[in-house]
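Enquirer: So here's entry.csv (CSV, C-alpha atoms).
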chain,number,residue,atom,x,y,z
O,920,ASP,CA,-89.6,113.5,55.8
O,921,GLN,CA,-89.7,117.2,55.0
O,922,VAL,CA,-86.6,119.1,54.0
O,923,ASN,CA,-86.5,123.0,54.2
O,924,CYS,CA,-83.7,125.3,53.1
O,925,ALA,CA,-83.4,128.9,51.9
O,926,SER,CA,-81.9,127.9,48.6
O,927,ALA,CA,-80.6,124.8,46.9
O,928,GLN,CA,-79.3,123.3,43.7
O,929,PHE,CA,-81.3,120.4,42.4
O,930,ASP,CA,-79.8,118.0,39.8
O,931,VAL,CA,-83.0,116.7,38.2
O,932,GLN,CA,-81.3,113.9,36.3
O,933,LYS,CA,-79.5,112.5,39.4
O,934,GLY,CA,-82.4,113.4,41.7
O,935,VAL,CA,-79.9,115.1,44.1
O,936,LEU,CA,-80.5,118.3,46.0
O,937,TYR,CA,-77.6,120.2,47.6
O,938,SER,CA,-77.8,123.2,49.9
O,939,ASP,CA,-74.7,125.1,51.1
O,940,GLY,CA,-76.7,127.1,53.6
O,941,GLU,CA,-78.7,125.9,56.6
O,942,VAL,CA,-81.1,123.0,56.1
O,943,GLU,CA,-83.8,121.7,58.5
O,944,ILE,CA,-85.2,118.2,58.2
O,945,THR,CA,-88.3,117.1,60.0
O,946,THR,CA,-88.7,113.3,60.0
O,947,GLY,CA,-92.0,111.3,59.9
O,948,VAL,CA,-94.2,114.4,59.3
O,949,VAL,CA,-97.4,112.5,58.7
O,950,ALA,CA,-96.4,109.1,60.1
O,951,ASP,CA,-97.5,108.0,63.5
O,952,GLY,CA,-97.2,104.9,65.7
O,953,HIS,CA,-93.4,105.3,66.0
O,954,PRO,CA,-91.8,103.9,69.2
O,955,PRO,CA,-90.5,106.4,71.7
O,956,GLY,CA,-87.0,107.6,71.1
O,957,ARG,CA,-87.3,108.3,67.4
O,958,LEU,CA,-85.3,111.0,65.6
O,959,VAL,CA,-87.6,114.0,64.9
O,960,PHE,CA,-85.4,116.8,63.7
O,961,ILE,CA,-82.0,117.5,62.0
O,962,ARG,CA,-80.3,120.9,61.4
O,963,SER,CA,-77.1,121.4,59.4
O,964,SER,CA,-75.5,123.0,56.4
O,965,GLY,CA,-73.6,121.7,53.3
O,966,VAL,CA,-76.3,119.0,53.0
O,967,THR,CA,-76.8,116.6,50.1
O,968,PHE,CA,-80.3,115.1,49.8
O,969,ASP,CA,-81.0,112.1,47.5
O,970,SER,CA,-84.7,112.5,46.5
O,971,LYS,CA,-84.9,108.9,45.2
O,972,THR,CA,-83.8,107.3,48.5
O,973,GLY,CA,-84.3,110.1,51.0
O,974,LYS,CA,-80.7,109.7,52.2
O,975,VAL,CA,-79.1,112.8,53.7
O,976,SER,CA,-75.4,113.5,54.3
O,977,THR,CA,-73.2,116.4,55.4
O,978,GLY,CA,-69.6,116.8,56.4
O,979,ARG,CA,-70.3,119.8,58.6
O,980,GLN,CA,-71.6,120.3,62.1
O,981,ALA,CA,-75.1,118.8,62.6
O,982,PHE,CA,-77.6,119.1,65.3
O,983,PHE,CA,-80.3,116.6,66.1
O,984,ARG,CA,-83.4,116.4,68.3
O,985,PHE,CA,-84.9,113.1,69.5
O,986,GLU,CA,-88.2,112.6,71.3
O,987,ASN,CA,-86.1,112.1,74.5
O,988,GLY,CA,-83.1,114.4,74.0
O,989,GLU,CA,-80.8,116.1,71.6
O,990,GLY,CA,-77.3,115.7,70.1
O,991,LYS,CA,-74.7,117.1,67.8
O,992,SER,CA,-71.7,115.8,65.7
O,993,ALA,CA,-69.2,116.8,63.0
O,994,GLY,CA,-70.5,115.2,59.9
O,995,ALA,CA,-73.6,113.0,59.6
O,996,PHE,CA,-75.6,110.6,57.4
O,997,TYR,CA,-79.3,109.7,57.7
O,998,ASP,CA,-81.2,106.9,55.9
O,999,PRO,CA,-84.9,107.2,56.4
O,1000,GLY,CA,-85.5,103.8,54.8
O,1001,THR,CA,-83.7,102.0,57.5
O,1002,ARG,CA,-84.1,104.8,60.1
O,1003,GLU,CA,-80.4,104.8,60.7
O,1004,LEU,CA,-78.5,107.9,61.8
O,1005,GLN,CA,-74.7,108.0,61.6
O,1006,MET,CA,-73.0,110.8,63.7
O,1007,ARG,CA,-69.5,110.5,62.1
O,1008,SER,CA,-67.2,112.3,64.6
O,1009,GLU,CA,-67.2,114.3,67.8
O,1010,ALA,CA,-70.7,112.9,68.6
O,1011,GLU,CA,-72.6,113.9,71.7
O,1012,VAL,CA,-76.1,113.0,72.7
O,1013,THR,CA,-78.1,113.9,75.9
O,1014,TRP,CA,-80.8,111.3,76.5
O,1015,ARG,CA,-83.5,112.4,78.9
O,1016,GLY,CA,-85.8,109.4,79.0
O,1017,GLN,CA,-89.6,109.1,79.1
O,1018,SER,CA,-90.2,109.4,82.9
O,1019,PRO,CA,-90.4,112.9,84.4
O,1020,ARG,CA,-88.2,111.5,87.2
O,1021,SER,CA,-85.5,110.5,84.7
O,1022,LYS,CA,-82.1,112.1,85.1
O,1023,PRO,CA,-80.4,112.9,81.8
O,1024,MET,CA,-77.6,110.6,80.5
O,1025,LYS,CA,-74.9,112.3,78.4
O,1026,VAL,CA,-73.3,110.1,75.8
O,1027,GLU,CA,-70.0,111.1,74.1
O,1028,THR,CA,-68.1,109.1,71.5
O,1029,GLY,CA,-65.9,109.3,68.4
O,1030,GLN,CA,-68.6,107.9,66.1
O,1031,LEU,CA,-72.3,107.1,66.8
O,1032,ILE,CA,-74.7,104.9,64.9
O,1033,TYR,CA,-78.3,105.1,66.0
O,1034,ARG,CA,-80.6,102.4,64.6
O,1035,GLU,CA,-84.0,103.6,65.5
O,1036,MET,CA,-85.9,100.5,64.3
O,1037,ASP,CA,-83.7,98.3,66.6
O,1038,SER,CA,-83.7,100.7,69.5
O,1039,ALA,CA,-79.9,100.5,69.6
O,1040,ILE,CA,-77.0,102.9,69.6
O,1041,LEU,CA,-73.4,101.8,68.6
O,1042,LEU,CA,-70.5,103.9,70.0
O,1043,SER,CA,-66.9,103.6,68.6
O,1044,PRO,CA,-63.9,103.6,68.9
O,1045,TRP,CA,-64.3,105.1,72.4
O,1046,SER,CA,-67.3,106.1,74.6
O,1047,ARG,CA,-68.1,108.1,77.7
O,1048,LEU,CA,-71.4,108.1,79.6
O,1049,THR,CA,-72.2,110.6,82.3
O,1050,ARG,CA,-75.2,110.8,84.6
O,1051,GLU,CA,-74.8,113.3,87.5
O,1052,ASP,CA,-71.8,111.9,89.5
O,1053,MET,CA,-71.6,108.7,87.6
O,1054,VAL,CA,-69.0,108.5,84.8
O,1055,LEU,CA,-68.3,105.4,82.6
O,1056,GLU,CA,-65.4,105.5,80.1
O,1057,ALA,CA,-64.8,102.6,77.7
O,1058,GLY,CA,-63.9,101.5,74.3
O,1059,GLU,CA,-66.7,100.4,71.9
O,1060,ALA,CA,-70.1,100.3,73.5
O,1061,PHE,CA,-73.7,99.3,72.6
O,1062,VAL,CA,-76.6,101.1,74.1
O,1063,PHE,CA,-80.0,99.5,74.1
O,1064,LEU,CA,-83.3,101.5,74.5
O,1065,GLU,CA,-86.7,100.3,75.8
O,1066,ASN,CA,-89.7,102.6,75.5
O,1067,GLY,CA,-87.4,105.5,74.9
O,1068,ASN,CA,-85.3,104.9,78.0
O,1069,ILE,CA,-81.7,103.7,78.2
O,1070,ARG,CA,-82.0,100.2,79.8
O,1071,ARG,CA,-78.7,98.4,79.0
O,1072,VAL,CA,-75.2,99.4,78.1
O,1073,GLU,CA,-72.5,96.8,77.0
O,1074,THR,CA,-68.9,98.0,76.8
O,1075,SER,CA,-65.3,96.8,76.4
O,1076,ASN,CA,-62.3,97.9,78.4
O,1077,ALA,CA,-64.5,99.9,80.7
O,1078,ARG,CA,-63.9,101.8,83.9
O,1079,GLY,CA,-66.4,103.7,85.9
O,1080,LYS,CA,-66.8,105.8,89.0
O,1081,GLU,CA,-69.5,107.3,91.1
O,1082,GLN,CA,-69.3,109.8,94.1
O,1083,GLN,CA,-72.1,110.0,96.6
O,1084,ASN,CA,-72.3,111.3,100.1
O,1085,GLY,CA,-68.7,110.9,101.0
O,1086,ARG,CA,-68.4,107.5,99.3
O,1087,ARG,CA,-66.6,106.7,96.0
O,1088,VAL,CA,-67.2,103.6,94.0
O,1089,GLU,CA,-64.9,102.6,91.2
O,1090,TYR,CA,-65.2,99.6,88.9
O,1091,ALA,CA,-63.6,98.2,85.8
O,1092,ALA,CA,-63.6,95.2,83.5
O,1093,ASP,CA,-62.6,94.0,80.1
O,1094,HIS,CA,-66.3,93.6,79.4
O,1095,LEU,CA,-68.9,95.5,81.4
O,1096,THR,CA,-72.7,95.4,81.2
O,1097,MET,CA,-74.8,98.0,83.0
O,1098,ARG,CA,-78.6,97.8,83.5
O,1099,PHE,CA,-80.7,100.9,84.3
O,1100,SER,CA,-84.2,101.5,85.7
O,1101,ASP,CA,-86.8,103.4,83.7
O,1102,THR,CA,-85.7,106.6,85.6
O,1103,GLY,CA,-82.0,106.1,84.6
O,1104,ALA,CA,-80.7,104.8,88.0
O,1105,VAL,CA,-78.2,101.9,87.9
O,1106,GLU,CA,-79.8,98.6,88.8
O,1107,LYS,CA,-77.1,96.1,88.1
O,1108,ILE,CA,-73.5,96.0,86.8
O,1109,LEU,CA,-71.8,92.9,85.5
O,1110,GLY,CA,-68.0,92.9,84.9
O,1111,GLU,CA,-66.3,90.0,83.2
O,1112,ARG,CA,-62.6,89.3,82.8
O,1113,ASN,CA,-60.2,91.3,85.0
O,1114,ALA,CA,-63.2,92.7,87.0
O,1115,ARG,CA,-62.3,95.2,89.8
O,1116,LEU,CA,-64.3,97.1,92.4
O,1117,ALA,CA,-63.1,99.7,94.9
O,1118,SER,CA,-65.3,101.3,97.6
O,1119,VAL,CA,-63.7,104.2,99.3
O,1120,SER,CA,-65.2,106.1,102.3
O,1121,GLU,CA,-64.1,107.8,105.4
O,1122,THR,CA,-64.0,104.4,107.2
O,1123,GLY,CA,-61.5,102.9,104.8
O,1124,ARG,CA,-61.0,101.3,101.4
O,1125,THR,CA,-62.2,97.9,100.2
O,1126,THR,CA,-61.1,96.5,96.8
O,1127,VAL,CA,-62.3,93.4,94.9
O,1128,LYS,CA,-60.5,91.6,92.1
O,1129,THR,CA,-62.1,88.7,90.3
O,1130,ASP,CA,-62.9,87.0,87.0
O,1131,ARG,CA,-66.6,87.9,87.1
O,1132,LEU,CA,-68.2,90.5,89.3
O,1133,GLU,CA,-72.0,91.1,89.8
O,1134,MET,CA,-73.1,94.2,91.6
O,1135,GLU,CA,-76.7,94.9,92.5
O,1136,PHE,CA,-78.0,98.4,93.3
O,1137,GLU,CA,-81.1,99.8,94.9
O,1138,PRO,CA,-82.6,103.2,93.9
O,1139,ALA,CA,-83.0,105.5,97.0
O,1140,GLY,CA,-83.6,109.2,96.9
O,1141,GLY,CA,-82.6,109.5,93.3
O,1142,GLU,CA,-79.3,107.6,93.9
O,1143,SER,CA,-78.2,104.0,93.3
O,1144,LEU,CA,-77.0,102.4,96.5
O,1145,LEU,CA,-74.7,99.3,96.2
O,1146,ARG,CA,-76.6,96.4,97.9
O,1147,LYS,CA,-74.6,93.3,97.0
O,1148,ALA,CA,-71.5,92.2,95.2
O,1149,MET,CA,-70.8,88.7,94.1
O,1150,ALA,CA,-67.2,87.8,93.0
O,1151,MET,CA,-66.7,84.6,91.1
O,1152,GLY,CA,-63.4,83.2,89.9
O,1153,HIS,CA,-59.9,83.8,91.6
O,1154,SER,CA,-61.5,86.4,93.9
O,1155,VAL,CA,-59.5,88.6,96.2
O,1156,VAL,CA,-61.1,91.1,98.7
O,1157,GLU,CA,-58.8,93.5,100.5
O,1158,SER,CA,-60.1,95.7,103.3
O,1159,LYS,CA,-58.0,98.5,104.8
O,1160,PRO,CA,-59.8,100.3,107.6
O,1161,ARG,CA,-58.9,103.8,108.6
O,1162,ALA,CA,-56.8,104.3,111.8
O,1163,GLY,CA,-58.7,104.5,115.0
O,1164,ARG,CA,-57.9,105.5,118.6
O,1165,SER,CA,-55.5,102.6,119.0
O,1166,GLY,CA,-53.9,103.0,115.6
O,1167,GLN,CA,-54.2,101.3,112.2
O,1168,PRO,CA,-55.9,97.9,112.3
O,1169,GLU,CA,-54.6,95.1,110.2
O,1170,THR,CA,-55.2,94.9,106.5
O,1171,ARG,CA,-57.4,92.0,105.7
O,1172,VAL,CA,-57.0,90.0,102.5
O,1173,LEU,CA,-59.6,87.3,101.7
O,1174,ARG,CA,-59.1,84.8,98.9
O,1175,SER,CA,-61.7,82.4,97.6
O,1176,ASP,CA,-63.2,81.4,94.3
O,1177,VAL,CA,-66.6,82.7,95.2
O,1178,ILE,CA,-67.1,85.6,97.6
O,1179,GLN,CA,-70.4,87.5,98.4
O,1180,LEU,CA,-70.4,90.9,100.0
O,1181,ASP,CA,-73.6,92.5,101.4
O,1182,MET,CA,-73.6,96.2,102.2
O,1183,GLN,CA,-75.1,98.2,105.1
O,1184,PRO,CA,-78.4,100.0,104.4
O,1185,ASP,CA,-76.7,103.2,103.5
O,1186,GLY,CA,-74.5,101.4,100.9
O,1187,LYS,CA,-71.3,102.9,102.2
O,1188,GLU,CA,-69.9,100.1,104.3
O,1189,ILE,CA,-69.8,96.3,104.3
O,1190,ARG,CA,-72.3,94.4,106.5
O,1191,THR,CA,-71.3,90.8,105.8
O,1192,VAL,CA,-68.9,88.8,103.7
O,1193,GLU,CA,-69.4,85.1,102.9
O,1194,THR,CA,-67.3,82.6,101.0
O,1195,HIS,CA,-69.1,79.9,99.0
O,1196,THR,CA,-65.9,77.9,98.3
O,1197,PRO,CA,-62.7,77.1,100.4
O,1198,GLY,CA,-60.7,80.2,101.0
O,1199,THR,CA,-57.9,82.0,102.9
O,1200,LEU,CA,-58.1,85.1,105.2
O,1201,GLU,CA,-54.9,87.0,106.1
O,1202,PHE,CA,-54.5,89.7,108.7
O,1203,LEU,CA,-51.5,91.8,107.6
O,1204,PRO,CA,-50.0,94.0,110.4
O,1205,ASN,CA,-49.9,97.7,110.0
O,1206,GLN,CA,-48.2,98.3,113.4
O,1207,PRO,CA,-45.1,96.7,115.0
O,1208,GLU,CA,-47.1,95.1,117.9
O,1209,GLN,CA,-49.6,93.4,115.6
O,1210,SER,CA,-49.4,89.6,114.8
O,1211,ARG,CA,-49.5,88.2,111.3
O,1212,ARG,CA,-52.4,85.8,111.0
O,1213,ARG,CA,-53.5,83.4,108.3
O,1214,LEU,CA,-56.7,81.3,108.3
O,1215,ASP,CA,-57.7,78.6,105.8
O,1216,ALA,CA,-61.3,77.3,105.9
O,1217,GLU,CA,-63.9,75.4,103.9
O,1218,ARG,CA,-66.4,78.2,104.5
O,1219,MET,CA,-66.2,81.6,106.2
O,1220,TRP,CA,-68.8,84.2,107.4
O,1221,ILE,CA,-67.6,87.7,108.5
O,1222,THR,CA,-69.8,90.4,110.1
O,1223,TYR,CA,-68.8,94.0,110.2
O,1224,GLY,CA,-69.6,96.8,112.6
O,1225,ASP,CA,-69.0,100.6,112.5
O,1226,GLY,CA,-66.0,101.9,110.6
O,1227,ASN,CA,-65.9,98.9,108.3
O,1228,ARG,CA,-64.2,96.9,111.1
O,1229,ILE,CA,-64.8,93.1,111.8
O,1230,ARG,CA,-67.0,92.4,114.8
O,1231,SER,CA,-67.4,88.6,114.4
O,1232,PHE,CA,-66.0,85.8,112.4
O,1233,ARG,CA,-67.2,82.2,111.8
O,1234,ALA,CA,-65.6,79.3,109.9
O,1235,VAL,CA,-65.8,75.6,109.4
O,1236,ASN,CA,-63.0,73.0,108.8
O,1237,VAL,CA,-60.4,75.6,109.6
O,1238,SER,CA,-56.7,75.8,110.3
O,1239,THR,CA,-54.8,78.9,111.5
O,1240,ARG,CA,-51.3,80.2,111.7
O,1241,THR,CA,-50.2,83.1,113.9
O,1242,GLU,CA,-46.8,84.7,113.8
O,1243,ALA,CA,-46.1,86.9,116.8
O,1244,PRO,CA,-44.5,90.3,116.3
O,1245,SER,CA,-40.7,90.4,116.8
O,1246,SER,CA,-39.6,92.3,119.9
O,1247,GLY,CA,-36.2,93.0,118.4
O,1248,LYS,CA,-34.4,91.8,121.6
O,1249,GLN,CA,-35.6,88.2,122.1
O,1250,LYS,CA,-35.5,85.3,119.7
O,1251,GLN,CA,-38.5,85.2,117.4
O,1252,ALA,CA,-41.2,82.8,118.8
O,1253,ALA,CA,-42.3,79.9,116.8
O,1254,PRO,CA,-45.5,80.3,114.9
O,1255,SER,CA,-48.7,79.1,116.5
O,1256,VAL,CA,-50.7,76.6,114.4
O,1257,THR,CA,-54.2,75.4,115.2
O,1258,SER,CA,-57.0,73.4,113.5
O,1259,SER,CA,-60.6,72.5,114.3
O,1260,LYS,CA,-64.0,71.9,112.7
O,1261,LEU,CA,-65.6,75.1,114.0
O,1262,LEU,CA,-64.2,78.5,114.8
O,1263,LEU,CA,-65.8,81.6,116.3
O,1264,ALA,CA,-63.9,84.9,116.7
O,1265,ASP,CA,-65.0,88.2,118.4
O,1266,PHE,CA,-63.4,91.6,117.9
O,1267,ASP,CA,-63.5,94.8,119.8
O,1268,PRO,CA,-65.0,98.0,118.4
O,1269,GLU,CA,-61.5,99.0,117.1
O,1270,GLY,CA,-61.3,95.8,115.0
O,1271,GLU,CA,-58.7,94.1,117.3
O,1272,LEU,CA,-59.1,90.3,118.1
O,1273,ARG,CA,-60.6,89.8,121.6
O,1274,THR,CA,-61.5,86.1,121.8
O,1275,LEU,CA,-61.2,83.1,119.5
O,1276,GLU,CA,-63.0,79.9,120.2
O,1277,GLN,CA,-62.3,76.6,118.3
O,1278,SER,CA,-64.2,73.4,118.9
O,1279,ASP,CA,-64.7,69.9,117.7
O,1280,THR,CA,-61.3,68.2,117.3
O,1281,PHE,CA,-59.1,71.1,118.3
O,1282,GLN,CA,-55.4,70.7,117.8
O,1283,TYR,CA,-52.5,73.1,118.6
O,1284,GLU,CA,-48.8,73.3,117.9
O,1285,GLN,CA,-46.1,75.9,118.6
O,1286,GLY,CA,-42.6,74.6,118.3
O,1287,GLU,CA,-42.2,71.7,120.7
O,1288,ARG,CA,-45.5,72.6,122.5
O,1289,LYS,CA,-48.5,70.6,121.3
O,1290,GLY,CA,-52.0,70.2,122.6
O,1291,ARG,CA,-55.5,69.0,121.8
O,1292,ALA,CA,-59.0,69.2,123.3
O,1293,ASN,CA,-62.7,69.2,122.4
O,1294,ARG,CA,-62.8,73.0,122.8
O,1295,ALA,CA,-60.2,75.8,123.1
O,1296,VAL,CA,-60.7,79.5,123.9
O,1297,LEU,CA,-58.0,82.1,123.2
O,1298,ASP,CA,-58.0,85.3,125.3
O,1299,GLU,CA,-55.9,87.5,123.0
O,1300,PRO,CA,-55.2,90.4,125.4
O,1301,LYS,CA,-53.9,87.9,128.0
O,1302,ASP,CA,-52.2,85.6,125.4
O,1303,LEU,CA,-53.9,82.7,127.1
O,1304,ILE,CA,-55.4,79.5,125.6
O,1305,THR,CA,-57.8,77.5,127.8
O,1306,LEU,CA,-58.4,73.9,126.7
O,1307,GLU,CA,-61.6,72.1,127.8
O,1308,GLY,CA,-62.9,68.5,127.3
O,1309,SER,CA,-60.3,65.7,127.0
O,1310,ALA,CA,-57.6,68.4,127.3
O,1311,ARG,CA,-54.1,67.2,126.7
How would this structure read if it were set down as structure tokens?

Expert:
Amino acid sequence: DQVNCASAQFDVQKGVLYSDGEVEITTGVVADGHPPGRLVFIRSSGVTFDSKTGKVSTGRQAFFRFENGEGKSAGAFYDPGTRELQMRSEAEVTWRGQSPRSKPMKVETGQLIYREMDSAILLSPWSRLTREDMVLEAGEAFVFLENGNIRRVETSNARGKEQQNGRRVEYAADHLTMRFSDTGAVEKILGERNARLASVSETGRTTVKTDRLEMEFEPAGGESLLRKAMAMGHSVVESKPRAGRSGQPETRVLRSDVIQLDMQPDGKEIRTVETHTPGTLEFLPNQPEQSRRRLDAERMWITYGDGNRIRSFRAVNVSTRTEAPSSGKQKQAAPSVTSSKLLLADFDPEGELRTLEQSDTFQYEQGERKGRANRAVLDEPKDLITLEGSAR
């Protein structure tokens, strides 16, 4: 390491050099074979240099240059023996990566420790990572490098957001891990403990709350499109579509231990939802004429169409409960309760229920009215149930 300054005081007995003016330090001048991402240059003032150990420290503003970026901080310490850099306060680093297609990542924190030999960066007591429209704010964080690129970030008490083409994705968790491609695009996000995800677009808002949330992304045109989300543990998915020509469709609340969401190719809207464990789906009315519905099933599969609206629904070992809207003049009708082994539902383009078919040991009850059959078909607009096969 080479230290240059205009003037300095050197204590020969202690082997300590001090410069009040500007100091420039170039690291690894004759060394080679260093892994990508190494620290190569430091500029500061009020610098103390220990000639016996090579350690450098300052309490003033310091500027750094790495092979893949640059940074600054108020106060710094550098140990060439361990290749450890401490940026003591107001630390900021812009990491550019090795690939020419890489987009820079801005790292801000209270204190930063860069362990070059371990390819690791420690951020505390808070951290903020910014890449174009992606912002992640958290408490302590660990950043891991691979071949000079940021490949993994582990954080605590994290919350992030990203805005792309009219879509906003927000996520949070007590412990959050992000994985990046060699170009800096997000590949995967894992949230553990109090994990939350919200996807907001012009078609509506979908929120996910769960114990553990895995999100997979796919790079496309320099962006990271959400492809799949897997919620595991006390999972709740709430979908609130925007109002259409016929008004505001019902809010849908799905509860199950394990829920999988697959997105449309553009990453903006949901394509399918599947439960891997028994669950409950509720349709909560947003208009006076809408019914309140609840469905319990062993497994459920939901397919979505345009506008994030349900187009079809399938379930096994299912029971339903429907509460008709109150007219305000007549006595409230008794709730309708059904059960069957199989259920198929079809919805119109506005997300309103059109037909519902239940088969294999269908049973029905509404007040004193009861029925059973091999198969039953509900025509929702006509409020008519047709029973077929051993109908009674």

Enquirer: Taking all atoms listed in the file into account, name the residue in O:Glu1056, O:Val1192, O:Met1151, O:Ser1018 that is nearest to Thr1102 of chain O.

Expert: O:Ser1018

Enquirer: As a list in words, please: the residues near Val959 of chain O (cut-off 8 Å, all atoms listed in the file, same-chain neighbours under 4 positions excluded).

Expert: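 Neighbouring residues, sequence-local ones excluded: Thr945, Thr946, Gly947, Phe983, Arg984, Phe985 and Glu986 of chain O.
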
Enquirer: So, counting all atoms listed in the file, which residue among O:Glu1188, O:Glu1133, O:Glu1073, O:Asp920 is closest to Gly1000 of chain O?

Expert: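 Of O:Glu1188, O:Glu1133, O:Glu1073, O:Asp920, the one nearest Gly1000 of chain O is O:Asp920, counting all atoms listed in the file.
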
Enquirer: When distances are computed from all atoms listed in the file, which of O:Pro1207, O:Arg1273, O:Ser1259, O:Asp1037 shows the smallest separation from Asn1293 of chain O?

Expert: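 Smallest separation from Asn1293 of chain O among the options: O:Ser1259.
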
Enquirer: Which residues are near Trp1045 of chain O? Cut-off 10 Å, all atoms listed in the file, ignore same chain within fewer than 4 positions. Put them as a JSON list (two decimals) with C-alpha atoms, in the coordinates of the input.

Expert:
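Saved result, out34.json, follows:
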[["chain", "number", "residue", "atom", "x", "y", "z"],
["O", 1027, "GLU", "CA", -70.00, 111.10, 74.10],
["O", 1028, "THR", "CA", -68.10, 109.10, 71.50],
["O", 1029, "GLY", "CA", -65.90, 109.30, 68.40],
["O", 1030, "GLN", "CA", -68.60, 107.90, 66.10],
["O", 1031, "LEU", "CA", -72.30, 107.10, 66.80],
["O", 1056, "GLU", "CA", -65.40, 105.50, 80.10],
["O", 1057, "ALA", "CA", -64.80, 102.60, 77.70],
["O", 1058, "GLY", "CA", -63.90, 101.50, 74.30],
["O", 1059, "GLU", "CA", -66.70, 100.40, 71.90],
["O", 1060, "ALA", "CA", -70.10, 100.30, 73.50],
["O", 1074, "THR", "CA", -68.90, 98.00, 76.80],
["O", 1075, "SER", "CA", -65.30, 96.80, 76.40],
["O", 1076, "ASN", "CA", -62.30, 97.90, 78.40],
["O", 1077, "ALA", "CA", -64.50, 99.90, 80.70]]

Enquirer: Between atom CA of Asp1093 of chain O and atom CA of Arg1131 of chain O, what is the distance, to one decimal in Å?

Expert: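 Interatomic distance here is 10.1 Å.
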
Enquirer: In Å, with one decimal, what is the gap from atom CA of Arg962 of chain O to atom CA of Glu941 of chain O?

Expert: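 Interatomic distance, atom CA of Arg962 of chain O to atom CA of Glu941 of chain O: 7.1 Å.
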
Enquirer: With all atoms listed in the file as the basis for distance, which of O:His1153, O:Arg1098, O:Lys1159, O:Arg1212 is at the shortest distance from Thr1196 of chain O?

Expert: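 Checking each candidate against Thr1196 of chain O, we get O:His1153 as the closest.
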
Enquirer: Would you mind telling me which residue in O:Ser1008, O:Val1054, O:Gln1017, O:Arg1171 lies nearest to Ile1032 of chain O when using only C-alpha atoms?

Expert: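 Of O:Ser1008, O:Val1054, O:Gln1017, O:Arg1171, the one nearest Ile1032 of chain O is O:Ser1008, counting only C-alpha atoms.
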
Enquirer: Using all atoms listed in the file, which protein or nucleic acid residues come within 7 Å of Leu1297 of chain O? Drop anything in the same chain fewer than 2 positions from it, and give the result as a PyMOL selection string.

Expert: chain O and resi 1274-1276+1295+1299+1303-1305

Enquirer: Counting only C-alpha atoms, which of O:His1094, O:Arg1240, O:Lys1301, O:Arg1146 gets nearest to Met1134 of chain O?

Expert: O:Arg1146

Enquirer: Find the residues of segment 979-1038 of chain O that sit at most 7 Å from segment 1061-1069 of chain O; for each, write down the nearest two atoms and how far apart they are in Å, to one decimal. Count only C-alpha atoms. Sort by chain, then by number going up, and give it as a tab-separated table.

Expert:
residue	atom	partner	partner_atom	distance
O:Asn987	CA	O:Gly1067	CA	6.7
O:Gly1016	CA	O:Asn1068	CA	4.6
O:Gln1017	CA	O:Gly1067	CA	6.0
O:Ser1038	CA	O:Leu1064	CA	5.1

Enquirer: Taking all atoms of segment 1097-1104 of chain O that the file lists and extending 4 Å past them on each side, where is the centre of the axis-aligned box and how long are its edges? Answer in Å to one decimal, as lines of an AutoDock Vina configuration file.

Expert:
center_x = -80.8
center_y = 102.2
center_z = 85.5
size_x = 20.0
size_y = 16.8
size_z = 13.0

Enquirer: Interatomic distance between atom CA of Lys1025 of chain O and atom CA of Gln980 of chain O?

Expert: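 Distance between the two atoms: 18.5 Å.
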
Enquirer: List the residues sitting within 8 Å of (-74.3, 119.8, 61.7) in the file's frame, using all atoms listed in the file, as a list in words.

Expert: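 Here is the list of nearby residues: Arg962, Ser963, Ser964, Thr977, Gly978, Arg979, Gln980, Ala981, Phe982, Lys991, Ser992, Ala993, Gly994 and Ala995 of chain O.
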
Enquirer: For those residues, write C-alpha atoms to a file as a CSV table (one decimal), in the coordinates of the input.

Expert:
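Final file, part.csv:
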chain,number,residue,atom,x,y,z
O,962,ARG,CA,-80.3,120.9,61.4
O,963,SER,CA,-77.1,121.4,59.4
O,964,SER,CA,-75.5,123.0,56.4
O,977,THR,CA,-73.2,116.4,55.4
O,978,GLY,CA,-69.6,116.8,56.4
O,979,ARG,CA,-70.3,119.8,58.6
O,980,GLN,CA,-71.6,120.3,62.1
O,981,ALA,CA,-75.1,118.8,62.6
O,982,PHE,CA,-77.6,119.1,65.3
O,991,LYS,CA,-74.7,117.1,67.8
O,992,SER,CA,-71.7,115.8,65.7
O,993,ALA,CA,-69.2,116.8,63.0
O,994,GLY,CA,-70.5,115.2,59.9
O,995,ALA,CA,-73.6,113.0,59.6
